[in-house]
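What follows is the content of query.cif (mmCIF, C-alpha atoms and all ligand atoms).
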```cif
data_upload
#
loop_
_atom_site.label_atom_id
_atom_site.label_comp_id
_atom_site.auth_asym_id
_atom_site.auth_seq_id
_atom_site.Cartn_x
_atom_site.Cartn_y
_atom_site.Cartn_z
CA MET A 1 0.00 0.00 0.00
CA LEU A 2 1.31 3.39 -1.01
CA PHE A 3 0.54 5.59 2.01
CA ARG A 4 0.28 2.93 4.70
CA ASP A 5 0.78 5.26 7.67
CA ARG A 6 -1.19 8.20 6.31
CA ALA A 7 -2.86 10.36 8.94
CA PHE A 8 -6.05 12.39 8.62
CA ILE A 9 -6.16 15.67 10.50
CA SER A 10 -9.51 17.33 10.54
CA LEU A 11 -9.67 20.93 11.78
CA GLU A 12 -12.60 23.19 12.54
CA SER A 13 -11.01 26.53 11.68
CA ILE A 14 -7.45 27.38 10.67
CA ALA A 15 -5.68 30.20 8.84
CA SER A 16 -4.65 27.93 5.97
CA THR A 17 -4.36 24.14 5.70
CA ASN A 18 -1.24 24.63 3.54
CA ASN A 19 0.42 26.73 6.26
CA TYR A 20 -0.62 24.20 8.89
CA ALA A 21 1.01 21.45 6.82
CA ALA A 22 4.17 23.55 6.34
CA LYS A 23 4.45 24.08 10.11
CA LEU A 24 3.92 20.38 10.72
CA LEU A 25 6.75 19.61 8.31
CA LYS A 26 9.03 22.01 10.20
CA VAL A 27 8.49 20.43 13.59
CA SER A 28 7.90 16.76 12.73
CA ASN A 29 7.80 14.18 9.97
CA PRO A 30 4.11 13.76 9.14
CA PRO A 31 3.51 10.39 7.47
CA ASP A 32 3.60 10.37 3.69
CA GLY A 33 0.15 11.12 2.28
CA THR A 34 -1.12 12.90 5.40
CA VAL A 35 -4.35 14.76 4.67
CA ILE A 36 -5.27 17.94 6.50
CA THR A 37 -8.77 19.34 6.11
CA ALA A 38 -10.60 22.29 7.56
CA GLN A 39 -14.20 23.43 7.68
CA GLU A 40 -13.05 27.00 7.44
CA GLN A 41 -9.90 28.94 6.54
CA THR A 42 -9.46 32.47 7.82
CA GLN A 43 -6.51 33.21 5.50
CA GLY A 44 -6.89 30.71 2.69
CA LYS A 45 -4.12 31.16 0.13
CA GLY A 46 -4.57 31.15 -3.64
CA GLN A 47 -2.14 31.28 -6.54
CA ARG A 48 0.24 34.24 -6.89
CA GLY A 49 -0.40 35.71 -3.45
CA SER A 50 -4.18 35.87 -3.86
CA GLN A 51 -6.68 34.84 -1.20
CA TRP A 52 -8.92 31.79 -1.41
CA PHE A 53 -12.42 32.47 -0.11
CA SER A 54 -14.74 29.68 0.90
CA GLU A 55 -17.92 29.69 3.00
CA ALA A 56 -17.43 27.77 6.24
CA GLY A 57 -18.53 24.13 6.05
CA GLN A 58 -19.60 24.30 2.39
CA ASN A 59 -16.54 23.20 0.48
CA LEU A 60 -13.55 20.89 0.48
CA LEU A 61 -10.39 22.55 1.76
CA CYS A 62 -7.47 20.20 2.07
CA SER A 63 -3.72 19.82 1.92
CA ILE A 64 -1.94 16.56 1.21
CA VAL A 65 1.62 16.18 2.43
CA CYS A 66 3.96 13.99 0.38
CA TYR A 67 7.66 13.36 -0.16
CA PRO A 68 8.22 13.09 -3.93
CA LYS A 69 11.99 12.74 -3.55
CA PHE A 70 12.00 10.54 -6.64
CA LEU A 71 10.87 13.45 -8.83
CA PRO A 72 13.64 15.16 -10.83
CA VAL A 73 13.56 18.92 -10.35
CA ARG A 74 12.77 19.62 -14.00
CA GLN A 75 9.74 17.37 -13.65
CA GLN A 76 8.28 19.15 -10.65
CA PHE A 77 5.20 20.19 -12.64
CA TYR A 78 4.22 16.53 -12.96
CA LEU A 79 3.04 16.57 -9.36
CA SER A 80 0.77 19.44 -10.22
CA LYS A 81 -0.47 17.56 -13.29
CA SER A 82 -1.17 14.49 -11.15
CA VAL A 83 -3.17 16.43 -8.57
CA SER A 84 -5.16 18.24 -11.30
CA LEU A 85 -5.99 14.88 -12.86
CA ALA A 86 -7.01 13.47 -9.49
CA VAL A 87 -9.50 16.30 -8.91
CA ALA A 88 -10.85 16.25 -12.49
CA GLU A 89 -11.33 12.47 -12.50
CA MET A 90 -13.04 12.47 -9.12
CA LEU A 91 -15.50 15.09 -10.38
CA GLU A 92 -16.21 13.11 -13.50
CA GLU A 93 -16.28 9.58 -12.12
CA TYR A 94 -18.06 10.19 -8.81
CA LEU A 95 -20.12 13.32 -9.47
CA GLU A 96 -20.63 12.89 -13.22
CA LEU A 97 -19.38 16.38 -13.96
CA PRO A 98 -17.09 16.50 -17.01
CA ALA A 99 -14.03 18.46 -15.91
CA LEU A 100 -11.20 20.17 -17.77
CA ILE A 101 -7.91 21.65 -16.57
CA LYS A 102 -7.14 25.27 -17.26
CA TRP A 103 -3.38 25.59 -17.31
CA PRO A 104 -1.63 25.48 -15.00
CA ASN A 105 -4.02 23.96 -12.50
CA ASP A 106 -7.52 25.35 -12.29
CA ILE A 107 -10.27 22.81 -12.64
CA ILE A 108 -13.08 23.86 -14.93
CA VAL A 109 -16.64 22.59 -15.10
CA GLN A 110 -19.13 24.10 -17.54
CA GLU A 111 -16.56 26.80 -18.46
CA LYS A 112 -16.26 27.94 -14.82
CA LYS A 113 -13.65 27.38 -12.12
CA ILE A 114 -14.74 24.76 -9.61
CA ALA A 115 -11.38 24.09 -7.95
CA GLY A 116 -7.93 25.58 -7.57
CA LEU A 117 -4.63 24.04 -6.50
CA LEU A 118 -1.72 25.50 -4.63
CA LEU A 119 1.35 23.26 -4.54
CA GLU A 120 4.25 24.30 -2.32
CA PHE A 121 7.60 22.52 -2.43
CA ASN A 122 10.44 22.22 0.05
CA TRP A 123 13.90 21.80 -1.37
CA MET A 124 17.24 20.62 -0.07
CA GLU A 125 19.91 21.84 -2.46
CA THR A 126 18.59 20.64 -5.83
CA ARG A 127 16.28 17.88 -4.58
CA ILE A 128 12.62 18.04 -3.65
CA GLN A 129 12.23 17.02 -0.03
CA SER A 130 8.52 17.39 0.49
CA ALA A 131 5.46 18.98 -1.02
CA VAL A 132 2.15 20.30 0.21
CA CYS A 133 -0.66 19.89 -2.31
CA GLY A 134 -3.42 22.32 -1.40
CA ILE A 135 -6.82 21.78 -2.99
CA GLY A 136 -9.84 24.05 -2.73
CA LEU A 137 -12.88 22.40 -4.31
CA ASN A 138 -16.22 24.20 -4.28
CA ILE A 139 -18.92 21.74 -3.35
CA ASN A 140 -22.10 23.11 -1.78
CA GLN A 141 -21.57 26.87 -1.91
CA ALA A 142 -24.44 28.49 -3.80
CA THR A 143 -23.15 32.00 -4.49
CA PHE A 144 -19.79 33.48 -5.44
CA GLU A 145 -18.59 37.02 -5.91
CA TYR A 146 -16.37 35.98 -8.79
CA PRO A 147 -18.55 35.40 -11.89
CA HIS A 148 -16.32 32.63 -13.24
CA ALA A 149 -16.65 30.46 -10.11
CA THR A 150 -18.92 27.49 -9.72
CA SER A 151 -19.51 24.57 -7.36
CA VAL A 152 -20.75 21.00 -7.57
CA PHE A 153 -24.13 22.26 -6.37
CA LEU A 154 -24.38 25.01 -8.99
CA ALA A 155 -23.18 22.74 -11.78
CA SER A 156 -25.31 19.70 -10.95
CA GLY A 157 -28.20 21.10 -8.94
CA LYS A 158 -27.36 18.57 -6.19
CA LYS A 159 -25.64 18.90 -2.83
CA ALA A 160 -22.80 16.46 -2.29
CA ASP A 161 -21.28 14.80 0.78
CA ILE A 162 -17.98 16.59 1.43
CA ASP A 163 -16.42 13.66 3.33
CA GLU A 164 -17.25 11.25 0.55
CA CYS A 165 -15.78 13.67 -2.01
CA LEU A 166 -12.61 13.80 0.11
CA SER A 167 -12.34 10.05 0.35
CA ARG A 168 -12.78 9.66 -3.46
CA LEU A 169 -10.35 12.47 -4.09
CA VAL A 170 -7.71 10.85 -1.89
CA LYS A 171 -8.15 7.53 -3.77
CA SER A 172 -7.77 9.34 -7.06
CA PHE A 173 -4.69 11.19 -5.76
CA ASP A 174 -3.12 7.88 -4.69
CA LYS A 175 -3.66 6.39 -8.13
CA HIS A 176 -1.98 9.31 -9.88
CA TYR A 177 0.82 9.57 -7.34
CA LEU A 178 1.62 5.90 -7.91
CA GLN A 179 1.68 6.55 -11.64
CA LEU A 180 4.13 9.39 -11.01
CA GLN A 181 6.29 7.32 -8.70
CA SER A 182 6.40 4.59 -11.33
CA GLY A 183 7.67 7.13 -13.88
CA PHE A 184 4.70 6.81 -16.22
CA TYR A 185 5.15 10.36 -17.47
CA SER A 186 3.68 9.86 -20.89
CA ASP A 187 0.44 8.48 -19.41
CA ILE A 188 0.20 11.57 -17.22
CA ASP A 189 0.98 13.83 -20.21
CA ASN A 190 -1.67 12.22 -22.36
CA ALA A 191 -4.34 12.40 -19.67
CA TYR A 192 -3.48 16.03 -18.85
CA ARG A 193 -3.46 17.02 -22.53
CA SER A 194 -6.82 15.35 -23.14
CA ARG A 195 -8.32 17.56 -20.43
CA LEU A 196 -6.58 20.80 -21.33
CA PHE A 197 -9.09 23.65 -21.47
CA ARG A 198 -9.16 25.43 -24.88
CA LEU A 199 -6.53 23.15 -26.45
CA ASN A 200 -6.31 23.96 -30.17
CA THR A 201 -9.14 26.47 -29.84
CA PRO A 202 -8.52 30.11 -30.83
CA SER A 203 -8.77 32.17 -27.63
CA THR A 204 -7.91 35.63 -26.35
CA PHE A 205 -4.93 36.08 -24.02
CA VAL A 206 -3.01 38.87 -22.41
CA PHE A 207 0.52 38.05 -23.53
CA ARG A 208 3.34 40.20 -22.10
CA GLY A 209 0.88 43.05 -21.52
CA GLU A 210 -0.80 42.86 -24.91
CA LYS A 211 -4.20 41.40 -25.87
CA ILE A 212 -3.73 38.76 -28.56
CA SER A 213 -5.56 35.93 -30.27
CA ALA A 214 -3.72 32.63 -30.01
CA VAL A 215 -4.10 28.89 -29.78
CA ILE A 216 -2.85 26.61 -26.99
CA ARG A 217 -0.74 23.82 -28.49
CA GLY A 218 0.19 22.01 -25.28
CA VAL A 219 2.37 22.10 -22.17
CA ASP A 220 6.07 21.24 -22.19
CA GLU A 221 7.95 18.95 -19.79
CA SER A 222 8.73 21.76 -17.36
CA GLY A 223 5.10 22.86 -17.23
CA LYS A 224 5.32 25.85 -19.56
CA LEU A 225 2.38 26.62 -21.84
CA LEU A 226 2.99 26.33 -25.58
CA VAL A 227 1.01 29.02 -27.35
CA LEU A 228 0.80 29.92 -31.01
CA PRO A 229 -0.19 33.59 -31.47
CA GLU A 230 -1.96 34.50 -34.71
CA GLY A 231 0.63 35.31 -37.37
CA SER A 232 3.58 34.50 -35.14
CA ARG A 233 5.74 31.59 -34.06
CA LEU A 234 5.27 29.23 -31.10
CA GLN A 235 5.85 30.85 -27.69
CA VAL A 236 6.89 29.07 -24.50
CA CYS A 237 5.15 30.85 -21.63
CA ASP A 238 5.15 30.76 -17.89
CA LEU A 239 2.50 32.31 -15.65
CA LYS A 240 4.01 35.77 -15.64
CA ASP A 241 3.93 35.91 -19.46
CA ILE A 242 0.35 34.99 -20.16
CA SER A 243 -3.21 34.84 -18.89
CA MET A 244 -6.35 33.76 -20.66
CA VAL A 245 -9.23 36.17 -21.10
CA TYR A 246 -12.42 34.16 -20.86
C1 LIG B 1 -5.98 29.08 -6.64
O1 LIG B 1 -5.72 30.28 -6.51
O2 LIG B 1 -6.64 28.67 -7.57
C2 LIG B 1 -5.45 28.08 -5.64
C3 LIG B 1 -6.39 27.90 -4.49
C4 LIG B 1 -5.93 26.88 -3.48
C5 LIG B 1 -6.81 26.85 -2.26
C6 LIG B 1 -6.51 25.72 -1.32
S1 LIG B 1 -7.73 25.57 -0.07
C7 LIG B 1 -6.74 24.43 0.81
C8 LIG B 1 -5.31 24.91 0.69
N1 LIG B 1 -4.98 25.85 1.75
C9 LIG B 1 -4.77 27.09 1.29
O3 LIG B 1 -4.50 28.08 1.99
N2 LIG B 1 -4.91 27.10 -0.04
C10 LIG B 1 -5.19 25.79 -0.58
#
```
Can I see the file as structure tokens?
Ligand code: BTN
Amino acid sequence: MLFRDRAFISLESIASTNNYAAKLLKVSNPPDGTVITAQEQTQGKGQRGSQWFSEAGQNLLCSIVCYPKFLPVRQQFYLSKSVSLAVAEMLEEYLELPALIKWPNDIIVQEKKIAGLLLEFNWMETRIQSAVCGIGLNINQATFEYPHATSVFLASGKKADIDECLSRLVKSFDKHYLQLQSGFYSDIDNAYRSRLFRLNTPSTFVFRGEKISAVIRGVDESGKLLVLPEGSRLQVCDLKDISMVY
């Protein structure tokens, strides 16, 4: 069994499950695969320094601690791919909601964001020592300030059991983590590519400060987005270069 000694830590209210996990890693060696959940976060963290808002008790807020020491540094993005796939597959297989991945790791249902990931790595020299995979998945929340946000409830019209979603998500994570550990990179690539939001579809982006029309061609090994702007040559982009307007 992959995560034989995994622990589950269930919290009522915490600043951020990712920060809780990071502190735990500083003072102890939490078992591989440890899952930390909270009903409420008072300072939930999103990508690029943003905040993650979630109504108390309505959604899945969790952080999974793992030690992907086997992962070469240049393949760090594969952990992110694996977690994205785990969330998307859980949504599709358990909740029957077809899910896509908006690069780098937003999960999209019915053209709206249903989940976001925040992966944080700890390094020792050039090796990954540990990682905290933070997942915020909107489940039963019925209203959002952000117009592009949705939840399982809004997308399906049905409330879902958050604990059951967690248990399915953890199973799905384990499957993909095992795939990663076994070095099945091309399987992960193919699955990620097949779920890539707006792949080969002309879309509008802000690229280095300018609004352009372009087509996503894929994601490279290091996790950079391959984009073909109209009338130009292929560009290799990271998050600071490009954002999709949708
Ligand atoms: C995003 O901006 O899309 C990433 C959101 C990640 C939110 C989750 S909720 C659980 C974990 N703890 C945090 O503070 N953030 C992540």
Can you build me a table of chain A residues sitting at most 7 Å from ligand LIG 1 (chain B), with the closest atom pair per residue and its distance in Å to one decimal, using all atoms listed in the file, sorted by chain and residue number, as a Markdown table?
```
| residue | atom | partner | partner_atom | distance |
| --- | --- | --- | --- | --- |
| A:Ser16 | CA | B:LIG1 | O3 | 4.0 |
| A:Thr17 | CA | B:LIG1 | N1 | 4.3 |
| A:Asn18 | CA | B:LIG1 | N1 | 4.3 |
| A:Asn19 | CA | B:LIG1 | O3 | 6.7 |
| A:Gln43 | CA | B:LIG1 | O3 | 6.5 |
| A:Gly44 | CA | B:LIG1 | O3 | 3.6 |
| A:Lys45 | CA | B:LIG1 | O3 | 3.6 |
| A:Gly46 | CA | B:LIG1 | O1 | 3.2 |
| A:Gln47 | CA | B:LIG1 | O1 | 3.7 |
| A:Ser50 | CA | B:LIG1 | O1 | 6.4 |
| A:Trp52 | CA | B:LIG1 | C5 | 5.4 |
| A:Leu61 | CA | B:LIG1 | C7 | 4.2 |
| A:Cys62 | CA | B:LIG1 | C7 | 4.5 |
| A:Ser63 | CA | B:LIG1 | C8 | 5.5 |
| A:Asp106 | CA | B:LIG1 | O2 | 5.8 |
| A:Ala115 | CA | B:LIG1 | O2 | 6.6 |
| A:Gly116 | CA | B:LIG1 | O2 | 3.3 |
| A:Leu117 | CA | B:LIG1 | C2 | 4.2 |
| A:Leu118 | CA | B:LIG1 | C4 | 4.6 |
| A:Gly134 | CA | B:LIG1 | C8 | 3.8 |
| A:Ile135 | CA | B:LIG1 | C6 | 4.3 |
| A:Gly136 | CA | B:LIG1 | S1 | 3.7 |
```
Keeping C-alpha atoms, export the residues of the selection given above as a PDB file, keeping the file's coordinate frame.
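What follows is the written file out_9.pdb:
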```pdb
ATOM      1  CA  SER A  16      -4.650  27.930   5.970  1.00  0.00           C
ATOM      2  CA  THR A  17      -4.360  24.140   5.700  1.00  0.00           C
ATOM      3  CA  ASN A  18      -1.240  24.630   3.540  1.00  0.00           C
ATOM      4  CA  ASN A  19       0.420  26.730   6.260  1.00  0.00           C
ATOM      5  CA  GLN A  43      -6.510  33.210   5.500  1.00  0.00           C
ATOM      6  CA  GLY A  44      -6.890  30.710   2.690  1.00  0.00           C
ATOM      7  CA  LYS A  45      -4.120  31.160   0.130  1.00  0.00           C
ATOM      8  CA  GLY A  46      -4.570  31.150  -3.640  1.00  0.00           C
ATOM      9  CA  GLN A  47      -2.140  31.280  -6.540  1.00  0.00           C
ATOM     10  CA  SER A  50      -4.180  35.870  -3.860  1.00  0.00           C
ATOM     11  CA  TRP A  52      -8.920  31.790  -1.410  1.00  0.00           C
ATOM     12  CA  LEU A  61     -10.390  22.550   1.760  1.00  0.00           C
ATOM     13  CA  CYS A  62      -7.470  20.200   2.070  1.00  0.00           C
ATOM     14  CA  SER A  63      -3.720  19.820   1.920  1.00  0.00           C
ATOM     15  CA  ASP A 106      -7.520  25.350 -12.290  1.00  0.00           C
ATOM     16  CA  ALA A 115     -11.380  24.090  -7.950  1.00  0.00           C
ATOM     17  CA  GLY A 116      -7.930  25.580  -7.570  1.00  0.00           C
ATOM     18  CA  LEU A 117      -4.630  24.040  -6.500  1.00  0.00           C
ATOM     19  CA  LEU A 118      -1.720  25.500  -4.630  1.00  0.00           C
ATOM     20  CA  GLY A 134      -3.420  22.320  -1.400  1.00  0.00           C
ATOM     21  CA  ILE A 135      -6.820  21.780  -2.990  1.00  0.00           C
ATOM     22  CA  GLY A 136      -9.840  24.050  -2.730  1.00  0.00           C
TER      23      GLY A 136
END
```
| task | Write out as a list in words which residues come within 8 Å of region 167-180 of chain A when counting all atoms listed in the file, dropping same-chain ones fewer than 3 positions away. | result | Leu2, Phe3, Tyr78, Leu79, Ser82, Val83, Leu85, Ala86, Val87, Glu89, Met90, Tyr94, Asp163, Glu164, Gly183, Phe184, Tyr185 and Ile188 of chain A
| note | Separating CA of Ile212 (chain A) from CA of Thr150 (chain A), to the nearest tenth of an Å, is a gap of 26.7 Å
Contact residues around Ile216 (chain A) with only C-alpha atoms at 12 Å, ignoring same-chain residues under 5 positions, as a PDB file with C-alpha atoms, keeping the file's coordinate frame:
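The resulting file, result-v2.pdb, is shown below:
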```pdb
ATOM      1  CA  LYS A 102      -7.140  25.270 -17.260  1.00  0.00           C
ATOM      2  CA  TRP A 103      -3.380  25.590 -17.310  1.00  0.00           C
ATOM      3  CA  ARG A 193      -3.460  17.020 -22.530  1.00  0.00           C
ATOM      4  CA  LEU A 196      -6.580  20.800 -21.330  1.00  0.00           C
ATOM      5  CA  PHE A 197      -9.090  23.650 -21.470  1.00  0.00           C
ATOM      6  CA  ARG A 198      -9.160  25.430 -24.880  1.00  0.00           C
ATOM      7  CA  LEU A 199      -6.530  23.150 -26.450  1.00  0.00           C
ATOM      8  CA  ASN A 200      -6.310  23.960 -30.170  1.00  0.00           C
ATOM      9  CA  THR A 201      -9.140  26.470 -29.840  1.00  0.00           C
ATOM     10  CA  PRO A 202      -8.520  30.110 -30.830  1.00  0.00           C
ATOM     11  CA  SER A 203      -8.770  32.170 -27.630  1.00  0.00           C
ATOM     12  CA  THR A 204      -7.910  35.630 -26.350  1.00  0.00           C
ATOM     13  CA  PHE A 205      -4.930  36.080 -24.020  1.00  0.00           C
ATOM     14  CA  LYS A 224       5.320  25.850 -19.560  1.00  0.00           C
ATOM     15  CA  LEU A 225       2.380  26.620 -21.840  1.00  0.00           C
ATOM     16  CA  LEU A 226       2.990  26.330 -25.580  1.00  0.00           C
ATOM     17  CA  VAL A 227       1.010  29.020 -27.350  1.00  0.00           C
ATOM     18  CA  LEU A 228       0.800  29.920 -31.010  1.00  0.00           C
ATOM     19  CA  PRO A 229      -0.190  33.590 -31.470  1.00  0.00           C
ATOM     20  CA  GLU A 230      -1.960  34.500 -34.710  1.00  0.00           C
ATOM     21  CA  LEU A 234       5.270  29.230 -31.100  1.00  0.00           C
ATOM     22  CA  GLN A 235       5.850  30.850 -27.690  1.00  0.00           C
ATOM     23  CA  VAL A 236       6.890  29.070 -24.500  1.00  0.00           C
ATOM     24  CA  CYS A 237       5.150  30.850 -21.630  1.00  0.00           C
ATOM     25  CA  ILE A 242       0.350  34.990 -20.160  1.00  0.00           C
ATOM     26  CA  SER A 243      -3.210  34.840 -18.890  1.00  0.00           C
ATOM     27  CA  MET A 244      -6.350  33.760 -20.660  1.00  0.00           C
TER      28      MET A 244
END
```
| query | Looking at only C-alpha atoms, which of A:Asp189, A:Ala131, A:Cys165, A:Phe8 is the one that sits closest to Glu93 (chain A)? | reply | A:Cys165
| field | Which of A:Ile108, A:Val219, A:Ile36, A:Ala191 sits closest to Tyr246 (chain A) [using all atoms listed in the file] | value | A:Ile108
| said: As an exercise, work out the distance from CA of Lys26 (chain A) to CA of Ser130 (chain A) in Å and give it to one decimal place. | reply: 10.8 Å
| note | Taken to one decimal, the CA of Pro104 (chain A)-CA of Ser156 (chain A) distance is 24.7 Å
| query | At most 7 Å from (-3.1, 12.3, 9.5), file frame, only C-alpha atoms: which residues, as a list in words? | reply | Arg6, Ala7, Phe8, Ile9, Thr34, Val35 and Ile36 of chain A
Would you output that residue set with C-alpha atoms, as a PDB file, in the frame of the given file?
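Output file again_9.pdb follows:
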```pdb
ATOM      1  CA  ARG A   6      -1.190   8.200   6.310  1.00  0.00           C
ATOM      2  CA  ALA A   7      -2.860  10.360   8.940  1.00  0.00           C
ATOM      3  CA  PHE A   8      -6.050  12.390   8.620  1.00  0.00           C
ATOM      4  CA  ILE A   9      -6.160  15.670  10.500  1.00  0.00           C
ATOM      5  CA  THR A  34      -1.120  12.900   5.400  1.00  0.00           C
ATOM      6  CA  VAL A  35      -4.350  14.760   4.670  1.00  0.00           C
ATOM      7  CA  ILE A  36      -5.270  17.940   6.500  1.00  0.00           C
TER       8      ILE A  36
END
```
| query | Hey, which of A:Ile128, A:Val152, A:Cys133, A:Ala22 ends up closest to Gln110 (chain A)? Count all atoms listed in the file. | reply | A:Val152
| query | Nearest to Lys23 (chain A): which of A:Arg4, A:Val132, A:Ala99, A:Leu11 is it, counting only C-alpha atoms? | reply | A:Val132
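Closest approach to Glu221 (chain A) among A:Ser13, A:Gly33, A:Glu40, A:Lys81 is made by A:Lys81 (distances from only C-alpha atoms).
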| task | May I have the residues within 9 Å of Ala149 (chain A) as an NGL selection string, using all atoms listed in the file and disregarding those fewer than 5 positions away in the same chain? | result | :A and (108 or 112-115 or 138 or 143-144)
| Looking at only C-alpha atoms, which of A:Ser151, A:Val65, A:Ala142, A:Leu239 is the one that sits closest to Leu119 (chain A)? | A:Val65
For region 230-237 of chain A, supply all heavy atoms and format the output as a PDB file, keeping the file's coordinate frame.
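Just written: out_10.pdb:
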```pdb
ATOM      1  N   GLU A 230      -1.588  34.323 -33.292  1.00  0.00           N
ATOM      2  CA  GLU A 230      -1.960  34.500 -34.710  1.00  0.00           C
ATOM      3  C   GLU A 230      -0.818  35.209 -35.442  1.00  0.00           C
ATOM      4  O   GLU A 230      -0.319  36.241 -34.965  1.00  0.00           O
ATOM      5  CB  GLU A 230      -3.209  35.383 -34.747  1.00  0.00           C
ATOM      6  CG  GLU A 230      -4.216  34.980 -35.777  1.00  0.00           C
ATOM      7  CD  GLU A 230      -5.485  35.797 -35.585  1.00  0.00           C
ATOM      8  OE1 GLU A 230      -5.427  37.047 -35.645  1.00  0.00           O
ATOM      9  OE2 GLU A 230      -6.526  35.173 -35.326  1.00  0.00           O
ATOM     10  N   GLY A 231      -0.389  34.664 -36.545  1.00  0.00           N
ATOM     11  CA  GLY A 231       0.630  35.310 -37.370  1.00  0.00           C
ATOM     12  C   GLY A 231       2.014  35.331 -36.764  1.00  0.00           C
ATOM     13  O   GLY A 231       2.861  36.126 -37.164  1.00  0.00           O
ATOM     14  N   SER A 232       2.259  34.483 -35.773  1.00  0.00           N
ATOM     15  CA  SER A 232       3.580  34.500 -35.140  1.00  0.00           C
ATOM     16  C   SER A 232       4.084  33.079 -34.966  1.00  0.00           C
ATOM     17  O   SER A 232       3.468  32.120 -35.420  1.00  0.00           O
ATOM     18  CB  SER A 232       3.472  35.226 -33.793  1.00  0.00           C
ATOM     19  OG  SER A 232       4.685  35.171 -33.105  1.00  0.00           O
ATOM     20  N   ARG A 233       5.239  32.941 -34.266  1.00  0.00           N
ATOM     21  CA  ARG A 233       5.740  31.590 -34.060  1.00  0.00           C
ATOM     22  C   ARG A 233       5.424  31.120 -32.629  1.00  0.00           C
ATOM     23  O   ARG A 233       5.033  31.934 -31.784  1.00  0.00           O
ATOM     24  CB  ARG A 233       7.242  31.517 -34.358  1.00  0.00           C
ATOM     25  CG  ARG A 233       8.045  32.417 -33.525  1.00  0.00           C
ATOM     26  CD  ARG A 233       9.484  32.503 -33.982  1.00  0.00           C
ATOM     27  NE  ARG A 233      10.126  33.582 -33.263  1.00  0.00           N
ATOM     28  CZ  ARG A 233      10.517  33.511 -32.007  1.00  0.00           C
ATOM     29  NH1 ARG A 233      10.356  32.407 -31.326  1.00  0.00           N
ATOM     30  NH2 ARG A 233      11.069  34.546 -31.408  1.00  0.00           N
ATOM     31  N   LEU A 234       5.641  29.834 -32.385  1.00  0.00           N
ATOM     32  CA  LEU A 234       5.270  29.230 -31.100  1.00  0.00           C
ATOM     33  C   LEU A 234       6.010  29.912 -29.934  1.00  0.00           C
ATOM     34  O   LEU A 234       7.208  30.142 -30.000  1.00  0.00           O
ATOM     35  CB  LEU A 234       5.639  27.736 -31.135  1.00  0.00           C
ATOM     36  CG  LEU A 234       4.994  26.884 -30.056  1.00  0.00           C
ATOM     37  CD1 LEU A 234       3.494  26.746 -30.290  1.00  0.00           C
ATOM     38  CD2 LEU A 234       5.624  25.494 -30.021  1.00  0.00           C
ATOM     39  N   GLN A 235       5.266  30.210 -28.876  1.00  0.00           N
ATOM     40  CA  GLN A 235       5.850  30.850 -27.690  1.00  0.00           C
ATOM     41  C   GLN A 235       5.772  29.885 -26.510  1.00  0.00           C
ATOM     42  O   GLN A 235       4.786  29.173 -26.346  1.00  0.00           O
ATOM     43  CB  GLN A 235       5.057  32.111 -27.320  1.00  0.00           C
ATOM     44  CG  GLN A 235       4.955  33.140 -28.424  1.00  0.00           C
ATOM     45  CD  GLN A 235       6.267  33.854 -28.682  1.00  0.00           C
ATOM     46  OE1 GLN A 235       7.067  34.071 -27.769  1.00  0.00           O
ATOM     47  NE2 GLN A 235       6.515  34.191 -29.935  1.00  0.00           N
ATOM     48  N   VAL A 236       6.835  29.907 -25.707  1.00  0.00           N
ATOM     49  CA  VAL A 236       6.890  29.070 -24.500  1.00  0.00           C
ATOM     50  C   VAL A 236       6.665  30.009 -23.315  1.00  0.00           C
ATOM     51  O   VAL A 236       7.482  30.890 -23.072  1.00  0.00           O
ATOM     52  CB  VAL A 236       8.258  28.363 -24.400  1.00  0.00           C
ATOM     53  CG1 VAL A 236       8.309  27.464 -23.179  1.00  0.00           C
ATOM     54  CG2 VAL A 236       8.546  27.573 -25.675  1.00  0.00           C
ATOM     55  N   CYS A 237       5.542  29.835 -22.622  1.00  0.00           N
ATOM     56  CA  CYS A 237       5.150  30.850 -21.630  1.00  0.00           C
ATOM     57  C   CYS A 237       5.085  30.301 -20.224  1.00  0.00           C
ATOM     58  O   CYS A 237       4.612  29.179 -20.009  1.00  0.00           O
ATOM     59  CB  CYS A 237       3.745  31.364 -21.948  1.00  0.00           C
ATOM     60  SG  CYS A 237       3.565  31.961 -23.611  1.00  0.00           S
TER      61      CYS A 237
END
```
